[in-house]
$ cat run.txt   # compact mmCIF, C-alpha atoms
# COMPACT_ATOMS: atom_id res chain seq x y z
CA MET J 1 63.17 227.65 -5.00
CA LYS J 2 66.80 226.62 -4.72
CA SER J 3 68.38 226.79 -1.28
CA GLU J 4 70.95 229.51 -0.77
CA SER J 5 72.79 227.14 1.56
CA ASP J 6 75.79 225.31 0.18
CA LYS J 7 74.54 222.17 1.93
CA PRO J 8 72.72 219.60 -0.17
CA LEU J 9 69.29 218.10 0.21
CA ILE J 10 69.87 214.56 1.48
CA ILE J 11 67.51 211.80 0.45
CA VAL J 12 67.54 208.91 2.91
CA GLY J 13 66.89 205.68 1.03
CA ALA J 14 67.84 204.70 -2.52
CA GLY J 15 64.86 202.48 -3.19
CA LEU J 16 62.16 203.24 -5.72
CA ALA J 17 60.91 206.52 -4.24
CA GLY J 18 64.43 207.69 -3.38
CA GLY J 19 65.72 207.03 -6.88
CA LEU J 20 62.81 208.79 -8.54
CA LEU J 21 62.86 211.78 -6.18
CA ALA J 22 66.61 212.19 -6.68
CA THR J 23 66.10 212.23 -10.45
CA LEU J 24 63.27 214.78 -10.35
CA LEU J 25 65.11 217.14 -7.99
CA ALA J 26 68.54 216.84 -9.64
CA LYS J 27 66.93 217.63 -13.00
CA ARG J 28 65.54 220.79 -11.41
CA GLY J 29 69.01 221.89 -10.32
CA TRP J 30 68.98 220.85 -6.69
CA ASP J 31 72.20 219.63 -5.07
CA ILE J 32 71.26 216.06 -4.12
CA ASP J 33 72.97 213.35 -2.08
CA VAL J 34 71.30 209.95 -1.63
CA TYR J 35 72.29 207.66 1.25
CA GLU J 36 71.34 203.97 1.29
CA LYS J 37 72.05 201.38 3.99
CA ARG J 38 72.38 198.52 1.48
CA SER J 39 75.05 197.91 -1.14
CA ASP J 40 74.73 199.22 -4.69
CA PRO J 41 72.41 196.73 -6.44
CA ARG J 42 74.09 197.49 -9.75
CA VAL J 43 77.28 195.97 -8.34
CA ALA J 44 76.25 193.56 -5.61
CA GLY J 45 72.93 192.43 -7.06
CA TYR J 46 69.54 193.37 -5.69
CA GLU J 47 69.36 192.71 -1.93
CA GLY J 48 65.73 193.58 -1.45
CA GLY J 49 64.66 190.00 -0.97
CA ARG J 50 61.43 188.52 -2.25
CA SER J 51 58.53 190.93 -2.26
CA ILE J 52 55.07 191.22 -3.72
CA ASN J 53 55.24 192.04 -7.41
CA LEU J 54 54.76 195.67 -8.32
CA ALA J 55 51.78 196.81 -10.38
CA LEU J 56 52.58 199.97 -12.33
CA ALA J 57 49.55 202.15 -13.13
CA GLU J 58 48.94 205.60 -14.61
CA ARG J 59 50.02 207.58 -11.54
CA GLY J 60 53.35 205.80 -11.47
CA LEU J 61 53.75 206.01 -15.25
CA HIS J 62 53.16 209.77 -15.13
CA ALA J 63 55.91 210.11 -12.54
CA LEU J 64 58.29 207.98 -14.62
CA ARG J 65 57.54 210.11 -17.67
CA SER J 66 58.46 213.18 -15.63
CA ALA J 67 61.81 211.56 -14.92
CA GLY J 68 62.30 210.30 -18.49
CA ALA J 69 62.39 206.68 -17.31
CA ASP J 70 59.05 205.33 -18.55
CA THR J 71 60.26 203.72 -21.79
CA ALA J 72 63.04 201.73 -20.11
CA VAL J 73 60.58 200.41 -17.53
CA ILE J 74 57.73 199.50 -19.89
CA ASP J 75 60.16 197.65 -22.17
CA ARG J 76 60.69 195.11 -19.36
CA ALA J 77 57.14 195.07 -17.98
CA VAL J 78 54.33 192.58 -18.64
CA MET J 79 50.86 193.93 -19.42
CA MET J 80 47.95 192.75 -17.26
CA ARG J 81 44.49 193.27 -18.77
CA GLY J 82 42.52 192.18 -15.73
CA ARG J 83 41.96 189.60 -13.03
CA MET J 84 41.84 185.98 -14.14
CA VAL J 85 39.62 184.53 -11.42
CA HIS J 86 40.13 180.83 -10.68
CA PHE J 87 36.90 179.53 -9.14
CA SER J 88 36.73 176.60 -6.72
CA ASP J 89 35.24 174.34 -9.41
CA GLY J 90 38.28 174.83 -11.67
CA THR J 91 36.65 177.29 -14.10
CA GLN J 92 38.21 180.66 -14.92
CA GLN J 93 36.94 184.12 -15.84
CA LEU J 94 38.84 187.19 -16.99
CA GLN J 95 37.48 190.33 -15.33
CA ARG J 96 38.95 193.27 -17.24
CA TYR J 97 40.36 196.21 -15.31
CA GLY J 98 39.34 198.77 -17.93
CA LYS J 99 37.33 199.20 -21.10
CA ASP J 100 40.07 197.93 -23.44
CA ASP J 101 43.87 197.60 -23.79
CA SER J 102 44.25 201.35 -23.27
CA GLU J 103 43.41 200.69 -19.61
CA VAL J 104 45.81 198.07 -18.30
CA ILE J 105 48.37 197.77 -15.51
CA TRP J 106 51.94 196.52 -15.79
CA SER J 107 53.76 193.89 -13.74
CA VAL J 108 57.30 195.13 -13.08
CA SER J 109 60.36 193.79 -11.33
CA ARG J 110 61.25 195.76 -8.21
CA GLY J 111 64.95 195.08 -8.65
CA GLU J 112 65.08 196.08 -12.33
CA LEU J 113 63.03 199.20 -11.67
CA ASN J 114 65.28 200.20 -8.78
CA ILE J 115 68.38 199.90 -10.94
CA THR J 116 66.76 201.91 -13.74
CA LEU J 117 65.94 204.73 -11.33
CA LEU J 118 69.38 204.74 -9.73
CA ASN J 119 70.97 205.10 -13.17
CA ALA J 120 68.57 207.93 -13.97
CA ALA J 121 69.36 209.71 -10.69
CA GLU J 122 73.09 209.47 -11.27
CA ALA J 123 72.73 210.67 -14.85
CA ALA J 124 70.75 213.67 -13.59
CA GLY J 125 73.61 214.63 -11.26
CA ALA J 126 72.63 213.11 -7.91
CA ARG J 127 75.43 211.60 -5.81
CA LEU J 128 74.72 208.08 -4.52
CA HIS J 129 76.27 206.71 -1.30
CA PHE J 130 75.78 203.04 -0.45
CA ASN J 131 76.44 201.09 2.76
CA ARG J 132 75.47 204.19 4.69
CA ARG J 133 72.76 203.58 7.28
CA LEU J 134 71.27 206.65 8.97
CA ASP J 135 72.37 206.37 12.59
CA ALA J 136 71.48 209.71 14.16
CA VAL J 137 70.42 213.25 13.25
CA ASP J 138 71.40 216.57 14.80
CA PHE J 139 68.45 218.63 13.57
CA ASP J 140 69.64 221.89 15.12
CA GLY J 141 73.11 221.60 13.62
CA ARG J 142 71.71 220.01 10.42
CA VAL J 143 74.17 217.13 10.53
CA ALA J 144 73.28 213.52 9.69
CA LYS J 145 75.39 210.65 10.99
CA PHE J 146 75.75 207.44 8.98
CA ALA J 147 77.15 203.99 9.82
CA ASP J 148 78.66 201.42 7.47
CA ASP J 149 77.49 198.05 8.79
CA HIS J 150 80.06 196.26 6.63
CA ASP J 151 83.19 197.79 8.15
CA GLY J 152 81.82 199.58 11.21
CA SER J 153 82.93 203.03 10.06
CA LEU J 154 81.00 206.22 10.83
CA SER J 155 80.60 209.37 8.76
CA GLU J 156 78.80 212.69 8.94
CA ALA J 157 77.11 214.86 6.32
CA ASP J 158 75.78 218.41 6.52
CA PHE J 159 72.35 218.99 5.04
CA THR J 160 69.85 221.69 4.23
CA ALA J 161 66.99 219.20 4.71
CA LEU J 162 66.45 215.45 4.94
CA LEU J 163 63.92 213.77 2.68
CA GLY J 164 62.83 210.39 4.05
CA ALA J 165 62.27 207.75 1.38
CA ASP J 166 63.54 204.88 3.52
CA GLY J 167 60.42 202.73 3.73
CA ALA J 168 58.06 201.48 6.41
CA GLY J 169 60.91 200.90 8.87
CA SER J 170 62.24 204.42 8.29
CA ALA J 171 65.28 205.40 10.34
CA LEU J 172 64.59 209.05 9.60
CA ARG J 173 61.06 208.72 10.98
CA MET J 174 62.52 207.23 14.15
CA ALA J 175 64.91 210.19 14.46
CA MET J 176 62.11 212.69 13.80
CA ASN J 177 59.94 211.00 16.42
CA LYS J 178 62.63 211.69 19.02
CA ARG J 179 62.39 215.39 18.26
CA ILE J 180 58.61 215.73 17.88
CA ASP J 181 55.72 213.29 18.32
CA LEU J 182 54.59 212.29 14.83
CA GLY J 183 51.56 210.38 16.13
CA GLU J 184 52.84 207.09 14.70
CA ARG J 185 50.41 204.13 14.64
CA PHE J 186 50.88 200.73 13.00
CA GLU J 187 47.74 198.65 12.47
CA LEU J 188 48.43 195.00 11.71
CA LEU J 189 46.06 193.34 9.28
CA GLY J 190 46.05 189.97 11.05
CA HIS J 191 47.07 188.28 7.79
CA SER J 192 50.52 187.56 6.36
CA TYR J 193 51.92 186.30 3.07
CA LYS J 194 54.44 183.88 1.58
CA GLU J 195 55.86 184.01 -1.89
CA LEU J 196 56.19 181.05 -4.25
CA GLU J 197 57.00 180.71 -7.94
CA ILE J 198 55.52 179.28 -11.12
CA PRO J 199 58.44 178.50 -13.47
CA PRO J 200 58.26 178.70 -17.29
CA ALA J 201 56.70 175.87 -19.27
CA GLN J 202 58.95 173.23 -20.81
CA ASP J 203 59.07 175.21 -24.07
CA GLY J 204 60.31 178.26 -22.15
CA ASP J 205 57.07 180.21 -22.47
CA PHE J 206 54.50 181.22 -19.84
CA CYS J 207 52.56 178.19 -18.68
CA ILE J 208 49.32 180.13 -17.99
CA GLU J 209 47.80 183.31 -19.46
CA PRO J 210 50.55 185.95 -19.11
CA ASN J 211 48.51 189.14 -19.53
CA ALA J 212 46.49 188.85 -16.34
CA LEU J 213 46.75 188.94 -12.58
CA HIS J 214 45.63 185.46 -11.55
CA ILE J 215 43.61 185.18 -8.37
CA TRP J 216 42.25 182.22 -6.44
CA PRO J 217 39.70 183.78 -4.01
CA ARG J 218 38.69 181.54 -1.13
CA GLY J 219 36.75 183.71 1.29
CA ASN J 220 39.05 184.53 4.20
CA TYR J 221 42.25 183.86 2.24
CA MET J 222 43.55 183.80 -1.32
CA CYS J 223 46.40 183.16 -3.69
CA ILE J 224 47.55 185.46 -6.53
CA ALA J 225 50.10 185.18 -9.34
CA LEU J 226 51.70 188.00 -11.32
CA PRO J 227 53.75 187.53 -14.51
CA ASN J 228 57.45 188.35 -14.83
CA ASP J 229 59.36 189.16 -18.02
CA GLU J 230 61.46 185.97 -17.66
CA LYS J 231 58.22 183.95 -18.20
CA THR J 232 57.78 183.06 -14.53
CA PHE J 233 54.97 184.05 -12.19
CA THR J 234 55.45 185.32 -8.67
CA VAL J 235 52.83 183.58 -6.55
CA THR J 236 51.70 185.08 -3.25
CA LEU J 237 49.72 183.11 -0.69
CA PHE J 238 47.76 185.25 1.79
CA LEU J 239 46.50 183.58 4.96
CA PRO J 240 45.24 184.74 8.37
CA ASN J 241 47.74 184.51 11.20
CA GLU J 242 45.29 182.51 13.34
CA GLY J 243 42.44 180.09 12.69
CA ASP J 244 42.12 177.26 10.17
CA PRO J 245 43.60 177.54 7.67
CA SER J 246 46.20 180.06 8.77
CA PHE J 247 49.94 180.36 9.18
CA ALA J 248 49.35 178.85 12.63
CA THR J 249 48.07 175.61 11.05
CA VAL J 250 49.95 175.65 7.71
CA GLN J 251 53.47 175.54 9.13
CA ASN J 252 55.59 173.49 6.73
CA GLY J 253 55.83 172.44 3.11
CA GLY J 254 53.71 169.37 3.64
CA ASP J 255 50.93 171.46 5.17
CA ALA J 256 51.17 173.86 2.23
CA CYS J 257 50.86 171.03 -0.31
CA ALA J 258 47.78 169.73 1.48
CA LEU J 259 46.22 173.21 1.49
CA PHE J 260 46.85 173.65 -2.22
CA GLU J 261 45.55 170.19 -3.04
CA ARG J 262 42.31 171.05 -1.25
CA ASP J 263 41.78 174.74 -2.14
CA PHE J 264 44.05 175.62 -5.08
CA ALA J 265 44.07 172.33 -6.99
CA ASP J 266 44.63 173.82 -10.46
CA ALA J 267 47.59 175.86 -9.15
CA LEU J 268 49.33 172.95 -7.42
CA PRO J 269 50.90 171.34 -10.55
CA LEU J 270 52.16 174.77 -11.66
CA ILE J 271 54.35 175.19 -8.53
CA PRO J 272 56.81 172.28 -8.54
CA ARG J 273 58.90 173.76 -5.71
CA LEU J 274 55.94 174.61 -3.49
CA GLN J 275 57.24 172.69 -0.49
CA GLN J 276 60.77 174.09 -0.74
CA ASP J 277 59.64 177.68 -1.43
CA PHE J 278 57.18 177.63 1.45
CA GLU J 279 59.80 176.44 3.92
CA ARG J 280 62.57 178.72 2.62
CA ASN J 281 60.69 182.02 2.30
CA PRO J 282 59.69 183.87 5.47
CA ALA J 283 56.15 185.04 6.08
CA GLY J 284 55.75 188.76 5.47
CA LEU J 285 53.62 190.90 7.78
CA LEU J 286 50.90 193.19 6.44
CA ALA J 287 50.23 196.48 8.19
CA THR J 288 49.13 200.07 7.67
CA LEU J 289 51.17 203.02 8.99
CA TYR J 290 49.42 206.20 10.05
CA LEU J 291 51.14 209.44 11.05
CA ASP J 292 49.63 212.70 12.30
CA ARG J 293 52.63 214.66 11.05
CA TRP J 294 55.04 214.10 8.16
CA HIS J 295 57.57 216.90 8.60
CA VAL J 296 59.76 218.72 11.11
CA ASP J 297 59.81 222.41 10.20
CA GLY J 298 62.06 222.87 7.16
CA ARG J 299 64.52 220.26 8.35
CA ALA J 300 62.94 216.92 7.37
CA VAL J 301 59.96 215.43 5.57
CA LEU J 302 58.73 211.87 4.97
CA LEU J 303 57.14 210.41 1.85
CA GLY J 304 56.10 207.06 0.42
CA ASP J 305 56.06 204.08 2.77
CA ALA J 306 58.03 206.04 5.36
CA ALA J 307 54.95 208.27 5.76
CA HIS J 308 52.02 206.02 4.89
CA ALA J 309 52.83 202.33 4.35
CA MET J 310 49.76 200.40 3.21
CA VAL J 311 48.69 196.86 2.46
CA PRO J 312 49.33 195.86 -1.18
CA PHE J 313 45.81 194.94 -2.30
CA HIS J 314 45.15 197.90 -4.58
CA GLY J 315 48.59 197.78 -6.18
CA GLN J 316 49.05 201.47 -5.34
CA GLY J 317 51.87 201.62 -2.78
CA MET J 318 54.56 202.38 -5.35
CA ASN J 319 52.24 204.50 -7.49
CA CYS J 320 51.27 206.59 -4.47
CA ALA J 321 54.93 207.00 -3.46
CA PHE J 322 55.82 208.10 -6.99
CA GLU J 323 52.96 210.60 -6.91
CA ASP J 324 54.42 211.88 -3.60
CA CYS J 325 57.74 212.47 -5.37
CA VAL J 326 56.12 214.54 -8.13
CA ALA J 327 54.08 216.53 -5.60
CA LEU J 328 57.07 217.25 -3.34
CA ALA J 329 59.19 218.37 -6.29
CA SER J 330 56.36 220.67 -7.40
CA HIS J 331 55.96 222.23 -3.97
CA LEU J 332 59.70 222.80 -3.75
CA ASP J 333 59.44 224.59 -7.10
CA ARG J 334 56.62 226.85 -5.92
CA GLU J 335 57.57 227.72 -2.35
CA ASP J 336 60.38 230.06 -1.27
CA ASP J 337 60.74 228.36 2.09
CA LEU J 338 61.40 224.68 2.83
CA SER J 339 59.10 224.63 5.84
CA ALA J 340 56.25 226.05 3.76
CA ALA J 341 56.95 223.58 0.96
CA PHE J 342 56.92 220.60 3.33
CA ALA J 343 53.72 221.81 5.02
CA ALA J 344 51.97 222.32 1.67
CA PHE J 345 53.11 218.91 0.50
CA GLU J 346 51.71 217.24 3.63
CA THR J 347 48.43 219.18 3.38
CA GLU J 348 47.95 217.96 -0.18
CA ARG J 349 49.07 214.37 0.20
CA ARG J 350 48.05 213.19 3.68
CA PRO J 351 44.27 213.03 2.99
CA ASN J 352 44.95 211.25 -0.28
CA ALA J 353 47.28 208.76 1.39
CA ALA J 354 44.60 208.02 3.99
CA ALA J 355 42.07 207.44 1.21
CA ILE J 356 44.18 204.92 -0.71
CA GLN J 357 45.13 203.18 2.54
CA ALA J 358 41.41 202.66 3.22
CA MET J 359 40.75 201.52 -0.35
CA ALA J 360 43.64 199.05 -0.19
CA LEU J 361 42.14 197.46 2.92
CA GLU J 362 38.72 197.29 1.25
CA ASN J 363 40.20 195.72 -1.86
CA TYR J 364 41.56 192.77 0.12
CA LEU J 365 38.02 191.84 1.11
CA GLU J 366 36.90 192.24 -2.51
CA MET J 367 39.73 190.14 -3.93
CA ARG J 368 39.53 187.26 -1.50
CA SER J 369 35.73 186.95 -1.16
CA ARG J 370 33.74 189.05 -3.63
CA VAL J 371 35.17 188.55 -7.14
CA ASP J 372 33.39 185.19 -7.35
CA ASP J 373 30.21 186.38 -5.60
CA SER J 374 26.98 186.58 -7.64
CA ASP J 375 25.92 189.96 -6.17
CA TYR J 376 29.33 191.41 -6.94
CA LEU J 377 29.28 190.10 -10.51
CA LEU J 378 25.81 191.59 -11.08
CA GLN J 379 26.91 194.96 -9.69
CA ARG J 380 30.06 194.80 -11.80
CA GLU J 381 27.95 194.20 -14.94
CA LEU J 382 25.78 197.21 -14.14
CA GLU J 383 28.84 199.29 -13.30
CA LEU J 384 30.30 198.69 -16.76
CA GLN J 385 27.03 199.68 -18.43
CA LEU J 386 26.78 202.86 -16.37
CA ALA J 387 30.38 203.74 -17.22
CA GLN J 388 29.47 203.58 -20.91
CA ARG J 389 26.16 205.40 -20.42
CA TYR J 390 27.63 208.21 -18.28
CA PRO J 391 31.36 208.47 -19.08
CA ASP J 392 31.58 211.95 -17.53
CA ARG J 393 29.73 211.05 -14.32
CA PHE J 394 29.96 207.35 -13.49
CA VAL J 395 33.62 206.30 -13.56
CA PRO J 396 34.35 203.02 -11.74
CA ARG J 397 36.42 203.55 -8.62
CA TYR J 398 39.11 201.18 -9.87
CA THR J 399 39.38 203.28 -13.04
CA MET J 400 39.65 206.52 -11.06
CA VAL J 401 42.40 205.05 -8.89
CA THR J 402 44.31 203.13 -11.53
CA PHE J 403 43.88 204.83 -14.90
CA ARG J 404 43.29 208.44 -13.83
CA ARG J 405 45.21 210.85 -11.65
CA LEU J 406 42.28 212.24 -9.70
CA PRO J 407 43.10 212.79 -6.03
CA TYR J 408 42.66 209.52 -4.18
CA ALA J 409 40.29 211.24 -1.75
CA VAL J 410 37.97 212.18 -4.64
CA ALA J 411 38.02 208.62 -5.97
CA PHE J 412 37.28 207.28 -2.48
CA GLU J 413 34.26 209.50 -1.90
CA ARG J 414 32.80 209.11 -5.41
CA GLY J 415 33.40 205.38 -5.18
CA ARG J 416 31.40 205.23 -1.95
CA VAL J 417 28.45 207.00 -3.60
CA GLN J 418 28.63 204.81 -6.70
CA ARG J 419 28.83 201.58 -4.71
CA GLN J 420 25.66 202.49 -2.83
CA LEU J 421 23.90 203.30 -6.08
CA LEU J 422 24.83 199.87 -7.48
CA VAL J 423 23.58 198.15 -4.32
CA ASP J 424 20.31 200.09 -4.43
CA ALA J 425 19.77 199.44 -8.15
CA THR J 426 20.37 195.67 -8.00
CA ARG J 427 18.63 194.92 -4.70
CA GLY J 428 16.18 192.06 -5.22
CA HIS J 429 17.38 191.30 -8.76
CA ASP J 430 19.23 188.25 -10.08
CA THR J 431 19.99 189.71 -13.52
CA ILE J 432 20.54 193.17 -14.95
CA ASP J 433 17.32 192.85 -16.97
CA GLY J 434 15.26 193.67 -13.89
CA VAL J 435 16.82 197.04 -13.02
CA ASP J 436 14.78 200.25 -13.36
CA TRP J 437 16.71 202.38 -15.83
CA SER J 438 14.52 205.45 -15.45
CA TRP J 439 15.24 205.41 -11.69
CA ILE J 440 18.95 204.82 -12.26
CA ASP J 441 19.20 207.69 -14.78
CA ALA J 442 17.64 210.11 -12.31
CA GLU J 443 19.80 208.89 -9.42
CA VAL J 444 23.06 209.14 -11.37
CA ARG J 445 22.29 212.77 -12.25
CA GLU J 446 21.31 213.59 -8.67
CA ARG J 447 24.13 211.80 -6.83
CA LEU J 448 27.09 212.33 -9.18
CA THR J 449 28.38 215.63 -10.53
CA VAL J 450 30.22 215.80 -13.84
CA LEU J 451 33.76 214.63 -13.22
CA GLU J 452 36.46 217.09 -14.20
CA VAL J 453 39.23 215.67 -16.37
CA GLU J 454 42.62 215.96 -14.67
CA HIS J 455 45.61 217.33 -16.56
$ encode --input "run.txt" --output "structure tokens"
Amino acid sequence: MKSESDKPLIIVGAGLAGGLLATLLAKRGWDIDVYEKRSDPRVAGYEGGRSINLALAERGLHALRSAGADTAVIDRAVMMRGRMVHFSDGTQQLQRYGKDDSEVIWSVSRGELNITLLNAAEAAGARLHFNRRLDAVDFDGRVAKFADDHDGSLSEADFTALLGADGAGSALRMAMNKRIDLGERFELLGHSYKELEIPPAQDGDFCIEPNALHIWPRGNYMCIALPNDEKTFTVTLFLPNEGDPSFATVQNGGDACALFERDFADALPLIPRLQQDFERNPAGLLATLYLDRWHVDGRAVLLGDAAHAMVPFHGQGMNCAFEDCVALASHLDREDDLSAAFAAFETERRPNAAAIQAMALENYLEMRSRVDDSDYLLQRELELQLAQRYPDRFVPRYTMVTFRRLPYAVAFERGRVQRQLLVDATRGHDTIDGVDWSWIDAEVRERLTVLEVEH
């Protein structure tokens, strides 16, 4: 469906989701304007600030393929085969994400990816407007008002509909909330993060294994490091906001050095600017956003973080947002009415967003306290054997989420059933040799249907 109105669809936000959505819709023939409150990163440099590295998985790759941008992104990405777990005693273990190098994730630069998508959107015919912050919306008159915070000027733009890709602090969501109660709820995690950096080695190469996500799990807190294409690692320290240790007790660079010396000793020599980075970089909050409603009739709809911001511990925030873009574009293709398209989009995506939000919260507990736990390692060993034994029934939840495009809600429910099966099968055993395979075979067939392959 293409609107008969001569007014464009306006995408609010020229970040990752906004750039991709603009490309997909412009390629389909829609008249697209994109408004962004920040300056053009291709001219002014990326202003996004430091942020947790992005992990690109199959859902996101599929969306990039749809936009013709996958090759340019992968060329600058770094492959990650699995988690390199750094135990408290200084030993390490690589825990693969998938069965082989066909199942990996990719560490990508947010800034480089944003620029790639903006170029793709412009090439597809979308018009990009920078230094234009959404200030107010007249939904009845279908007029959006924008402010330039650099020179104080104001402007207006007519629209057929507004598509909100402007992140967790969405100005469009705020405007929609004034018109109709969206049921907005933010749930703080009670933990925050700070970003640090591991520079290249003296020879200019990576100074630790590059093809892995490094993780130092320490129970109630952790540290991770993701590789960058310039041979650095972005290090993220996650701590509670209260307690000991926490950001209430680790307040300056000296405190941070003492924490690392005690709990992350093998990482300490890798971060020469630990004290300076800790004091310079602000702590980032971690929260989950829930909404009861994503759209206002045929006038506006939210997607990505603007609709369902989540904590980053499954690496799916961007991938989920990209999947939103593909779904919204598809519903706009199929429906003859914008209101019907937005409603169908929300009906499809809201349960799946809720599922990955829940899995992201669960994954934080797994990453910080279970990846070095003996019960977890035993269940993981059995999980891998069951995946080989029953490839059409027992698919690890991480695989369903990361390497498949099954609905998140399906992965969540099947993952719950599979986790219980693993717990039941390993209860009372120290090694996999003691499990009852005849019982397991019967239970797998009873509890798990054959999994349909998505297209």
$ closest_residue --input "run.txt" --among "J:Leu382, J:Ala55, J:Ala327, J:Val410" --to "J:Trp437" --atoms "only C-alpha atoms"
J:Leu382
$ closest_residue --input "run.txt" --among "J:Ala165, J:Leu386, J:Val401, J:Ala225" --to "J:Glu209" --atoms "all atoms listed in the file"
J:Ala225
$ residues_around --input "run.txt" --residues "J:Thr431" --least-positions-apart "4" --cutoff "9 Å" --atoms "all atoms listed in the file" --output "list in words"
Leu378, Thr426 and Val435 of chain J
$ closest_residue --input "run.txt" --among "J:Asp75, J:Asp277, J:Glu323, J:Asp229" --to "J:Thr116" --atoms "all atoms listed in the file"
J:Asp75
$ residues_around --input "run.txt" --residues "stretch 139-153 of chain J" --least-positions-apart "4" --cutoff "12 Å" --atoms "only C-alpha atoms" --output "MDAnalysis selection string"
chainID J and resid 5 7:12 33:39 129:135 157:163 171:172 175:180 296:300
$ residues_near_point --input "run.txt" --point "(40.8, 205.3, -0.6)" --cutoff "7 Å" --atoms "all atoms listed in the file" --output "NGL selection string"
:J and (354-360 or 408-409 or 411-412)
$ atom_distance --input "run.txt" --atom1 "atom CA of J:Asp337" --atom2 "atom CA of J:Val301"
13.4 Å
$ atom_distance --input "run.txt" --atom1 "atom CA of J:Leu421" --atom2 "atom CA of J:Gln316"
25.2 Å
$ residues_around --input "run.txt" --residues "stretch 231-236 of chain J" --least-positions-apart "3" --cutoff "8 Å" --atoms "only C-alpha atoms" --output "list in words"
Ile52, Asn53, Tyr193, Lys194, Glu195, Leu196, Glu197, Ile198, Pro199, Pro200, Gly204, Asp205, Phe206, Pro210, Cys223, Ile224, Ala225, Leu226, Pro227 and Asn228 of chain J
$ write_last_selection --input "run.txt" --atoms "C-alpha atoms" --output "CSV table (one decimal), keeping the file's coordinate frame"
chain,number,residue,atom,x,y,z
J,52,ILE,CA,55.1,191.2,-3.7
J,53,ASN,CA,55.2,192.0,-7.4
J,193,TYR,CA,51.9,186.3,3.1
J,194,LYS,CA,54.4,183.9,1.6
J,195,GLU,CA,55.9,184.0,-1.9
J,196,LEU,CA,56.2,181.0,-4.2
J,197,GLU,CA,57.0,180.7,-7.9
J,198,ILE,CA,55.5,179.3,-11.1
J,199,PRO,CA,58.4,178.5,-13.5
J,200,PRO,CA,58.3,178.7,-17.3
J,204,GLY,CA,60.3,178.3,-22.2
J,205,ASP,CA,57.1,180.2,-22.5
J,206,PHE,CA,54.5,181.2,-19.8
J,210,PRO,CA,50.6,186.0,-19.1
J,223,CYS,CA,46.4,183.2,-3.7
J,224,ILE,CA,47.6,185.5,-6.5
J,225,ALA,CA,50.1,185.2,-9.3
J,226,LEU,CA,51.7,188.0,-11.3
J,227,PRO,CA,53.8,187.5,-14.5
J,228,ASN,CA,57.4,188.4,-14.8
$ atom_distance --input "run.txt" --atom1 "atom CA of J:Thr402" --atom2 "atom CA of J:Val73"
17.6 Å
